[in-house]
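Each remark here refers to the structure printed beneath this line.
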Amino acid sequence: MKASENKAKLSFTNGSPDVELPIYHGTMGPDVIDIRKLYGQTGMFTYDPGFLSTASCESAITYIDGDKGELLYRGYPIEQLAQKCDYLDTCFLLLYGELPDAQQRDKFHKLVNSHTMVNEQMQFFLRGFRRDAHPMAVLTGLVGGMSAFYHESTDIHNPRHRDVAAIQLIAKMPTLVAMAYKYGVGEPYVYPNNALSYSGNFLRMMFGTPCEEYKVNPVLEKALDRIFILHADHEQNASTSTVRLCGSSGTNPFAAIAAGVACLWGPSHGGANEACLNMLEEIQAMGGIAKVGEFMEKVKDKNSGVKLMGFGHRVYKNYDPRAKLMQETCNEVLQELGLEKDPLFALAKALEKIALEDDYFVQRKLYPNVDFYSGIVQRAIGIPVKLFTGLFALARTVGWIAQLNEMIGDPEYKIGRPRQLFVGPARRNIP
């Protein structure tokens with residue numbers, strides 16, 4: 001970061017001396033005021049619930065301009081990556097800073113493919129869960145449990161260990177997600193086939209059986225790959241911040257990523273696409289498209305308690321660029337599967353039309369986000385609603401790893417320790 005010649009001056013009305021604070025410029029985005037010495041100079045902390053106005057780190061990985069509706073991975077627009085690259089190319093970019101050349105691409109794809117199998121003992125670990133356990137509960141346990149099976153890559157301060165753990169996590173996450181699914185439905189696990197693409201391999205492990213050959217549908221393969229690319233990273237969101245905070249203690253990479261999986265499970269974060277599909281199904285049960293207008297009126301009534309899922313975003317104040325790409329993918333998948341008249345998709349289009357035309361939603365910039373369409377695509381492919389967030393975790397793993405590695409490599413990184421404004425009882429004695 002580059003220091004500005006300007007300084008921020010903090011003045012007090014009680015006569016305390018002014019405090020000058022450094023200002024830094026990034027490549028893009030708002031400048032930041034460095035408050036690290038504020039407590040030492042004034043004895044005061046800043047107060048920022050949710051850290052909405054606080055830059056917690058310096059990062060060169062992902063940039064979001066919410067007003068423009070722009071998302072960049074290492075400087076590349078998400079639209080270009082989704083149209084010209086596959087998921088493993090995107091993984092290479094996030095991990096190493098540049099897109100791979102032909103030789104690097106071939107080597108990286110082979111490296112990931114050579115680590116897709118998981119330790120056979122993990123099957124017995126998996127069998128300890130109830131069959132009806134939520135897949136995210138299972139996945140949190142499996143990812144955290146990897147540190148018990150892969151001792152050669154658990155030292156977060158060893159660059160070689162971090163590299164090995166990164167490849168292991170990226171390669172094995174599809175296998176673990178598919179195993180969790182197969183276990184829940186009582187079907188035999190399907191071992192990886194490294195001759196297939198990353199997304200094709202996942203589809204086969206999910207929907208293939210030992211009794212017949214599984215043929216990968218290229219349209220679904222492409223759609224799944226795009227979902228993975230669109231969810232690969234998203235700056236300092238809740239789960240990424242969790243991974244960074246967890247990793248700052250020096251814990252192993254698998255434990256840090258497991259913490260990210262657990263955080264992602266929340267309905268306000270990774271569970272949003274699941275909540276969006278549930279909403280559409282509720283509207284369908286109410287009477288379908290005929291009830292869309294009535295439903296949207298309830299959304300506008302603050303006293304109704306009805307929420308519109310899949311619209312609006314904490315960061316984007318314009319159309320989510322990922323939503324445009326996901327809408328395109330949604331059309332392709334439904335057409336391929338003969339589901340163009342899918343009632344939930346028709347509902348989604350009706351909701352979108354109202355949201356883009358009604359002043360209430362337009363003024364509040366409640367545009368469709370990526371969750372709005374990704375749930376419909378996954379449902380059409382055959383992925384159960386409870387597993388939606390598992391796919392999100394699979395895709396986001398590379399972003400978490402890249403962010404974790406960046407933090408460890410930052411000479412200014414310290415263990416995370418947020419402060420508080422204490423409002424409890426003052427010191428008192430037991431009589």
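Just remember, in the structure tokens the first chain shown is A, the second B, etc., residues are 1-based per chain, and ligands are 1-based in the order shown.
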
Checklist entry - What's the 7 Å shell around stretch 166-176 of chain A, counting only C-alpha atoms, without same-chain residues fewer than 2 positions away, as a ChimeraX atom specification? => result /A:112-113,115-118,162-164,178-180,202,394,397-398,401

Next on the checklist: Using only C-alpha atoms, which protein or nucleic acid residues come within 10 Å of A:Asp410? Drop anything in the same chain fewer than 5 positions from it, and give the result as a ChimeraX atom specification.
Outcome noted: /A:57-59,405

Checklist entry - Which polymer residues have any atom within 12 Å of an atom of A:Met407, counting only C-alpha atoms, with same-chain residues fewer than 6 positions away left out, as a ChimeraX atom specification? => result /A:56-61,156-157,236,240-241,243-250,400-401,413-416

Checklist entry - So, counting only C-alpha atoms, which residue among A:Glu98, A:Asp155, A:Glu221, A:Asp106 is closest to A:Glu332? => result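 Of A:Glu98, A:Asp155, A:Glu221, A:Asp106, the one nearest A:Glu332, counting only C-alpha atoms, is A:Glu221.
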
Next on the checklist: Give me the residues near A:Ala255 as a count of residues only, where near means some atom within 7 Å (using only C-alpha atoms) and where sequence neighbours in that chain fewer than 4 positions away do not count.
Outcome noted: 3

Each residue of stretch 29-146 of chain A with at least one atom at most 10 Å from stretch 262-274 of chain A should appear once, together with its nearest atom pair and the corresponding distance in Å (one decimal); atoms considered: only C-alpha atoms; ordering: chain, then increasing residue number; output as JSON lines.
```
{"residue": "A:Pro135", "atom": "CA", "partner": "A:Trp265", "partner_atom": "CA", "distance": 9.9}
{"residue": "A:Met136", "atom": "CA", "partner": "A:Trp265", "partner_atom": "CA", "distance": 6.5}
{"residue": "A:Ala137", "atom": "CA", "partner": "A:Ala262", "partner_atom": "CA", "distance": 7.8}
{"residue": "A:Leu139", "atom": "CA", "partner": "A:Ala262", "partner_atom": "CA", "distance": 8.7}
{"residue": "A:Thr140", "atom": "CA", "partner": "A:Ala262", "partner_atom": "CA", "distance": 6.0}
{"residue": "A:Gly141", "atom": "CA", "partner": "A:Ala262", "partner_atom": "CA", "distance": 9.3}
```

Checklist entry - Can you tell me, as a ChimeraX atom specification, what residues are no more than 7 Å from A:Leu280 when counting only C-alpha atoms, ignoring any on the same chain fewer than 3 positions away? => result /A:276-277,283-284,344,347

Checklist entry - If we count only C-alpha atoms, what is near A:Gly69 at a cut-off of 8 Å, once residues fewer than 5 positions away on the same chain are taken out, given as a PyMOL selection string? => result chain A and resi 64+316-321

Could you write those residues out with N, CA and C atoms, as a tab-separated table (two decimals), in the first residue's frame?
```tsv
chain	number	residue	atom	x	y	z
A	64	ILE	N	-13.94	-5.92	-5.33
A	64	ILE	CA	-15.36	-5.73	-5.63
A	64	ILE	C	-15.67	-4.23	-5.63
A	316	TYR	N	-22.84	-5.36	-3.18
A	316	TYR	CA	-23.30	-4.86	-4.48
A	316	TYR	C	-24.50	-3.94	-4.33
A	317	LYS	N	-24.36	-2.73	-4.86
A	317	LYS	CA	-25.48	-1.79	-4.91
A	317	LYS	C	-25.92	-1.60	-6.36
A	318	ASN	N	-25.53	-2.54	-7.18
A	318	ASN	CA	-25.91	-2.60	-8.56
A	318	ASN	C	-26.17	-4.07	-8.87
A	319	TYR	N	-26.43	-4.39	-10.12
A	319	TYR	CA	-26.71	-5.78	-10.48
A	319	TYR	C	-25.47	-6.63	-10.23
A	320	ASP	N	-25.63	-7.70	-9.46
A	320	ASP	CA	-24.53	-8.62	-9.17
A	320	ASP	C	-24.03	-9.20	-10.50
A	321	PRO	N	-22.75	-8.96	-10.87
A	321	PRO	CA	-22.27	-9.45	-12.18
A	321	PRO	C	-22.36	-10.97	-12.29
```

Next on the checklist: Measuring between only C-alpha atoms, which one of A:Gly399, A:Glu297, A:Phe129, A:Lys349 shows the shortest distance to A:Gly97?
Outcome noted: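 Between A:Gly399, A:Glu297, A:Phe129, A:Lys349, the residue approaching A:Gly97 most closely is A:Gly399.
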
Item to check | Neighbour list for A:Met44 as a list of chain:residue names, cut-off 12 Å, only C-alpha atoms, skip fewer than 4 positions in-chain | outcome: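 Using only C-alpha atoms, the neighbours found are A:Leu10, A:Phe12, A:Val19, A:Ile35, A:Arg36, A:Lys37, A:Leu38, A:Tyr39, A:Gly40, A:Arg419, A:Gln420, A:Leu421.
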
Item to check | Nearest candidate to A:Leu224 (options A:Tyr47, A:Phe392, A:Phe125, A:Phe92; using only C-alpha atoms) | outcome: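 Selected residue with least distance to A:Leu224: A:Phe392.
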
Checklist outcome for this item: The residue from A:Leu71, A:Val177, A:Ala232, A:Val185 with the smallest atom-to-atom distance to A:Met205, counting only C-alpha atoms, is A:Val177

Checklist entry - stretch 225-333 of chain A: which residues are alpha helix (DSSP H) by DSSP, as number ranges by chain? => result A: 225-230, 238-247, 253-264, 272-286, 292-300, 321-333

Next on the checklist: Between atom CA of A:Val143 and atom CA of A:Asp371, what distance in Å does the model show, to one decimal?
Outcome noted: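 Taking atom CA of A:Val143 and atom CA of A:Asp371, their separation equals 23.9 Å.
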